$ cat run-v1.csv   # CSV, C-alpha atoms
chain,number,residue,atom,x,y,z
D,1,HIS,CA,22.1,4.2,5.1
D,2,ARG,CA,25.9,3.6,4.7
D,3,ASP,CA,28.2,2.2,2.0
D,4,ASP,CA,31.2,0.2,3.2
D,5,ALA,CA,34.1,-1.4,1.4
D,6,ILE,CA,34.4,-4.6,3.5
D,7,ALA,CA,34.7,-7.5,1.0
D,8,THR,CA,37.8,-9.7,1.1
D,9,GLU,CA,39.4,-12.1,-1.3
D,10,THR,CA,41.6,-15.0,-0.2
D,11,ASN,CA,44.6,-16.2,-2.3
D,12,ASN,CA,46.1,-19.5,-1.2
D,13,ASN,CA,49.9,-19.6,-1.6
D,14,THR,CA,51.0,-23.2,-2.2
D,15,ASN,CA,54.8,-22.4,-2.1
D,16,ASN,CA,55.0,-21.6,1.6
D,17,ASN,CA,51.7,-23.2,2.7
D,18,THR,CA,50.5,-19.8,4.0
D,19,ASP,CA,47.3,-17.8,3.2
D,20,ASP,CA,47.6,-14.3,1.9
D,21,THR,CA,44.4,-12.3,2.3
D,22,LYS,CA,44.0,-9.2,0.1
D,23,THR,CA,41.3,-6.7,0.6
D,24,THR,CA,39.2,-5.6,-2.4
D,25,LYS,CA,36.7,-2.8,-2.4
D,26,THR,CA,33.1,-3.9,-2.9
D,27,LYS,CA,30.2,-1.6,-1.9
D,28,ILE,CA,27.4,-2.9,0.2
D,29,CYS,CA,24.4,-1.1,1.7
D,30,GLU,CA,23.8,-1.1,5.4
D,31,THR,CA,20.8,0.4,7.2
D,32,TYR,CA,20.5,1.4,10.9
D,33,LYS,CA,17.3,2.0,12.8
D,34,LEU,CA,17.9,4.4,15.7
D,35,ALA,CA,15.6,4.3,18.7
D,36,ALA,CA,14.9,7.5,20.7
D,37,SER,CA,17.3,8.2,23.5
D,38,PRO,CA,15.8,9.3,26.9
D,39,ASP,CA,18.4,12.0,27.0
D,40,GLU,CA,18.2,14.1,23.9
D,41,ARG,CA,21.5,15.9,24.7
D,42,THR,CA,23.4,12.7,23.9
D,43,PRO,CA,25.1,12.9,20.5
D,44,LEU,CA,24.1,10.4,17.9
D,45,PRO,CA,26.4,7.3,18.3
D,46,PHE,CA,28.0,7.6,14.9
D,47,PRO,CA,31.2,9.4,13.7
D,48,ASP,CA,31.2,12.4,11.4
D,49,ALA,CA,30.3,11.8,7.7
D,50,THR,CA,29.0,8.3,8.1
D,51,PHE,CA,25.7,8.1,6.2
D,52,ASP,CA,24.6,8.9,2.7
D,53,LEU,CA,20.9,9.2,3.6
D,54,VAL,CA,18.9,9.8,6.8
D,55,LEU,CA,15.1,9.1,6.8
D,56,SER,CA,12.5,10.2,9.4
D,57,SER,CA,8.8,9.4,9.0
D,58,MET,CA,6.4,11.2,11.4
D,59,SER,CA,8.9,11.3,14.3
D,60,PHE,CA,10.4,14.8,14.5
D,61,HIS,CA,7.3,16.1,16.4
D,62,TRP,CA,8.3,14.0,19.4
D,63,VAL,CA,11.7,15.7,19.7
D,64,ASN,CA,12.0,18.5,22.3
D,65,ASP,CA,15.3,20.0,20.9
D,66,LEU,CA,14.7,19.7,17.2
D,67,PRO,CA,17.5,22.1,16.1
D,68,ARG,CA,20.0,20.0,18.1
D,69,LEU,CA,18.9,16.8,16.4
D,70,LEU,CA,19.0,18.4,13.0
D,71,ALA,CA,22.6,19.6,13.7
D,72,GLU,CA,23.5,16.0,14.7
D,73,ILE,CA,22.0,14.6,11.5
D,74,GLU,CA,24.0,17.1,9.5
D,75,ARG,CA,27.1,16.0,11.3
D,76,VAL,CA,26.7,12.3,10.6
D,77,LEU,CA,25.8,12.8,6.9
D,78,LYS,CA,28.5,12.6,4.2
D,79,PRO,CA,29.1,15.6,2.0
D,80,ASP,CA,26.2,15.9,-0.4
D,81,GLY,CA,24.3,13.4,1.9
D,82,CYS,CA,20.5,13.7,2.0
D,83,LEU,CA,17.9,14.2,4.7
D,84,LEU,CA,14.4,13.1,3.8
D,85,PHE,CA,11.6,13.5,6.3
D,86,ALA,CA,7.9,13.9,6.9
D,87,LEU,CA,6.3,15.3,10.1
D,88,PRO,CA,2.9,16.7,11.2
D,89,GLY,CA,2.5,20.4,10.5
D,90,GLY,CA,1.1,23.2,12.7
D,91,ASN,CA,-2.3,23.0,11.1
D,92,THR,CA,-2.9,19.5,12.4
D,93,LEU,CA,-6.1,18.9,14.5
D,94,PRO,CA,-7.1,22.6,14.9
D,95,GLU,CA,-10.7,21.6,15.3
D,96,LEU,CA,-10.0,19.3,18.3
D,97,ARG,CA,-7.7,21.9,19.8
D,98,SER,CA,-10.2,24.8,19.7
D,99,SER,CA,-13.2,22.7,20.8
D,100,LEU,CA,-11.4,21.4,23.9
D,101,VAL,CA,-10.1,24.9,24.7
D,102,LEU,CA,-13.6,26.4,24.5
D,103,SER,CA,-15.1,23.6,26.6
D,104,GLU,CA,-12.4,23.9,29.3
D,105,LEU,CA,-12.7,27.7,29.4
D,106,GLU,CA,-16.4,27.4,29.9
D,107,ARG,CA,-16.2,24.9,32.7
D,108,THR,CA,-13.0,25.8,34.6
D,109,GLY,CA,-12.3,29.4,33.6
D,110,GLY,CA,-8.9,28.5,32.3
D,111,VAL,CA,-7.2,26.6,29.5
D,112,SER,CA,-4.4,24.0,29.2
D,113,THR,CA,-2.8,22.1,26.3
D,114,HIS,CA,-4.7,19.1,24.9
D,115,VAL,CA,-3.0,18.6,21.5
D,116,GLY,CA,0.7,18.3,21.2
D,117,PRO,CA,2.7,21.2,19.6
D,118,TYR,CA,3.6,20.9,16.0
D,119,VAL,CA,6.2,22.7,13.9
D,120,ASP,CA,4.8,25.4,11.7
D,121,LEU,CA,5.5,25.2,8.0
D,122,SER,CA,7.1,28.7,7.9
D,123,ASN,CA,9.8,27.5,10.4
D,124,VAL,CA,10.9,24.3,8.8
D,125,GLY,CA,13.1,26.0,6.2
D,126,SER,CA,14.9,28.2,8.7
D,127,LEU,CA,15.5,25.2,11.0
D,128,LEU,CA,17.2,23.3,8.2
D,129,THR,CA,19.4,26.2,6.9
D,130,GLY,CA,20.2,27.3,10.5
D,131,VAL,CA,22.1,24.1,11.1
D,132,GLY,CA,23.9,24.1,7.8
D,133,PHE,CA,21.7,22.2,5.3
D,134,ARG,CA,21.6,23.4,1.7
D,135,LEU,CA,19.0,23.3,-1.0
D,136,PRO,CA,16.0,22.6,1.2
D,137,THR,CA,12.7,21.8,-0.5
D,138,ILE,CA,9.4,21.8,1.5
D,139,ASP,CA,6.0,20.6,0.5
D,140,ILE,CA,2.7,20.1,2.4
D,141,ASP,CA,-0.3,17.8,2.1
D,142,ASP,CA,-3.6,18.8,3.8
D,143,ILE,CA,-5.8,15.8,4.7
D,144,SER,CA,-9.4,15.8,5.9
D,145,ILE,CA,-10.7,12.6,7.6
D,146,GLY,CA,-14.3,11.9,8.6
D,147,TYR,CA,-15.2,10.5,12.1
D,148,PRO,CA,-18.6,9.7,13.6
D,149,ASN,CA,-17.8,11.9,16.6
D,150,ALA,CA,-14.9,13.5,18.6
D,151,MET,CA,-14.8,10.6,21.1
D,152,VAL,CA,-13.9,8.2,18.3
D,153,LEU,CA,-11.3,10.6,17.0
D,154,MET,CA,-9.7,10.8,20.5
D,155,GLU,CA,-9.7,7.1,20.8
D,156,HIS,CA,-8.0,6.6,17.5
D,157,LEU,CA,-5.3,9.2,18.5
D,158,ALA,CA,-4.7,7.3,21.8
D,159,ARG,CA,-4.5,3.9,20.1
D,160,MET,CA,-1.9,5.4,17.6
D,161,GLY,CA,0.2,6.7,20.5
D,162,GLU,CA,-0.3,10.3,19.4
D,163,GLY,CA,-1.7,11.6,22.7
D,164,ASN,CA,-0.8,14.9,24.3
D,165,ALA,CA,2.9,14.8,25.3
D,166,CYS,CA,3.2,18.3,26.6
D,167,ALA,CA,5.1,18.4,30.0
D,168,SER,CA,2.7,21.1,31.3
D,169,ARG,CA,-0.5,19.2,30.5
D,170,LYS,CA,-3.1,18.5,33.2
D,171,GLU,CA,-2.8,15.1,34.9
D,172,ARG,CA,-6.6,14.7,34.7
D,173,VAL,CA,-9.2,16.4,32.6
D,174,GLY,CA,-12.9,16.1,33.7
D,175,LEU,CA,-15.4,14.1,31.8
D,176,GLY,CA,-17.5,17.2,31.4
D,177,THR,CA,-14.7,18.9,29.5
D,178,PHE,CA,-14.5,16.0,27.0
D,179,LEU,CA,-18.3,15.9,26.6
D,180,GLY,CA,-18.5,19.6,26.1
D,181,GLY,CA,-15.7,19.5,23.6
D,182,ALA,CA,-17.4,16.7,21.6
D,183,CYS,CA,-20.6,18.7,21.5
D,184,LEU,CA,-18.8,21.9,20.4
D,185,TYR,CA,-16.8,19.9,17.8
D,186,ARG,CA,-20.1,18.6,16.2
D,187,GLU,CA,-21.6,22.1,16.1
D,188,LEU,CA,-18.6,23.9,14.9
D,189,TYR,CA,-17.0,21.4,12.5
D,190,PRO,CA,-19.6,19.1,11.0
D,191,ALA,CA,-18.8,17.0,8.0
D,192,GLU,CA,-20.2,18.5,4.9
D,193,GLU,CA,-20.6,15.4,2.8
D,194,GLU,CA,-23.1,12.7,3.3
D,195,GLY,CA,-21.7,9.4,4.6
D,196,SER,CA,-18.4,11.0,5.6
D,197,GLY,CA,-18.1,9.1,8.8
D,198,GLN,CA,-15.8,6.1,8.9
D,199,ASP,CA,-18.7,3.8,9.2
D,200,GLY,CA,-20.4,5.4,6.2
D,201,SER,CA,-23.0,7.3,8.3
D,202,SER,CA,-23.8,10.9,7.9
D,203,GLY,CA,-23.8,13.6,10.5
D,204,GLY,CA,-20.2,13.1,11.6
D,205,ILE,CA,-17.2,15.4,12.0
D,206,VAL,CA,-14.1,16.2,10.1
D,207,ALA,CA,-10.6,16.2,11.4
D,208,SER,CA,-7.8,18.0,9.6
D,209,ALA,CA,-4.2,16.9,9.4
D,210,GLN,CA,-1.2,18.6,7.7
D,211,VAL,CA,1.8,16.6,6.7
D,212,ILE,CA,5.1,18.5,5.9
D,213,TYR,CA,7.5,16.8,3.5
D,214,GLY,CA,11.1,18.0,3.3
D,215,ILE,CA,14.4,17.2,1.7
D,216,ALA,CA,17.7,18.9,2.3
D,217,TRP,CA,21.4,18.2,1.5
D,218,LYS,CA,24.7,18.5,3.3
D,219,GLU,CA,26.9,21.1,1.7
D,220,HIS,CA,29.2,20.0,-1.1
D,221,GLU,CA,31.3,21.8,-3.7
D,222,SER,CA,29.3,20.2,-6.5
D,223,GLN,CA,26.0,21.9,-5.5
D,224,GLN,CA,24.8,24.9,-7.3
D,225,VAL,CA,25.2,28.2,-5.5
D,226,PRO,CA,23.7,31.6,-6.2
D,227,ASP,CA,25.7,34.3,-7.8
D,228,ASP,CA,27.1,37.2,-5.7
D,229,ARG,CA,24.7,40.0,-5.0
D,230,GLY,CA,25.1,42.7,-7.5
D,231,SER,CA,26.7,40.5,-10.2
D,232,ALA,CA,23.7,40.6,-12.6
D,233,THR,CA,24.3,42.0,-16.0
D,234,GLY,CA,20.7,42.8,-16.9
D,235,ARG,CA,17.6,44.3,-15.4
D,236,LEU,CA,14.1,43.0,-15.1
D,237,THR,CA,12.8,46.2,-16.8
D,238,ASP,CA,14.8,45.3,-19.9
D,239,ILE,CA,12.7,42.2,-20.5
D,240,SER,CA,10.1,42.9,-23.1
D,241,VAL,CA,6.8,41.0,-23.4
D,242,THR,CA,5.4,40.4,-26.9
D,243,LYS,CA,2.1,38.9,-27.9
D,244,THR,CA,2.0,35.8,-30.0
D,245,GLU,CA,-0.4,35.2,-33.0
D,246,GLY,CA,-2.7,33.1,-30.7
D,247,GLY,CA,-3.3,36.2,-28.6
D,248,GLY,CA,-1.5,35.0,-25.5
D,249,ASP,CA,1.3,36.9,-23.7
$ encode --input "run-v1.csv" --output "structure tokens"
Amino acid sequence: HRDDAIATETNNNTNNNTDDTKTTKTKICETYKLAASPDERTPLPFPDATFDLVLSSMSFHWVNDLPRLLAEIERVLKPDGCLLFALPGGNTLPELRSSLVLSELERTGGVSTHVGPYVDLSNVGSLLTGVGFRLPTIDIDDISIGYPNAMVLMEHLARMGEGNACASRKERVGLGTFLGGACLYRELYPAEEEGSGQDGSSGGIVASAQVIYGIAWKEHESQQVPDDRGSATGRLTDISVTKTEGGGD
């Protein structure tokens, strides 16, 4: 999102038959949709302090070098500009992850990645402040979705384009590993409510997803800042608690 002063006003001069063009400032709103670059080391194609707002919806988990991208976003934001985003959290699809790990360990004696890595909630704030953002606010939403079985769940993930993107993943996983994982999934994580499957049937499974929402701002002199350490004039022990007539504290 960017505001530009680009409007012009034309004034015809009849005395010398020439046109004088004067530029007047009128704000308009422009929006840019940026596609992912194959080379993440390439800077964003915008000058410093270009945008008022940067939005990202469920895209950050596909970025290998997330700190670098956040630093670039901070660079192209105007002072007091806002970053607003949502991304899958680290507690996404833990049931599928553990079921496939147990199945593969039983059949091959080793394990590999089957579910893409996600950013843990405890790291999001430090990622934002580490590149210069101010006043970060983080919230989460834990979602449980019912499926008839693990095969349907994996099919939906594939159709959404949310498959395993790890570079170290196996090129091929045996059918026995998937079947074993589906059986373990049903045994370990059954749906508790009747009719919880997407087709309304009972006896399905539950899949958990965690969505992390965040907002942060580029530094600006108008933003509130904490007082210097040691500048307090009172102590917590000086606060007295009295009981009201209603009996509450």
$ atom_distance --input "run-v1.csv" --atom1 "atom CA of Phe46 of chain D" --atom2 "atom CA of Leu70 of chain D"
14.2 Å
$ atom_distance --input "run-v1.csv" --atom1 "atom CA of Asn91 of chain D" --atom2 "atom CA of Lys33 of chain D"
28.8 Å
$ closest_residue --input "run-v1.csv" --among "D:Trp217, D:Gly110, D:Glu72, D:Leu96" --to "Leu157 of chain D" --atoms "only C-alpha atoms"
D:Leu96
$ atom_distance --input "run-v1.csv" --atom1 "atom CA of Leu153 of chain D" --atom2 "atom CA of Gly174 of chain D"
17.7 Å
$ residues_around --input "run-v1.csv" --residues "Pro67 of chain D" --least-positions-apart "4" --cutoff "12 Å" --atoms "only C-alpha atoms" --output "ChimeraX atom specification"
/D:40-41,60-61,63,71-74,119,123-133
$ closest_residue --input "run-v1.csv" --among "D:Gln223, D:Ser112, D:Ser144, D:Thr50" --to "Asn164 of chain D" --atoms "only C-alpha atoms"
D:Ser112
$ closest_residue --input "run-v1.csv" --among "D:Ile138, D:Ala150, D:Leu87, D:Val115" --to "Ala165 of chain D" --atoms "only C-alpha atoms"
D:Val115
$ closest_residue --input "run-v1.csv" --among "D:Arg68, D:Arg159, D:Arg97, D:Lys78" --to "Phe178 of chain D" --atoms "only C-alpha atoms"
D:Arg97
$ residues_around --input "run-v1.csv" --residues "Thr137 of chain D" --least-positions-apart "6" --cutoff "9 Å" --atoms "only C-alpha atoms" --output "number ranges by chain"
D: 125, 213-216
$ closest_residue --input "run-v1.csv" --among "D:Ile212, D:Pro79, D:Ser99, D:Ile140" --to "Ser56 of chain D" --atoms "only C-alpha atoms"
D:Ile212
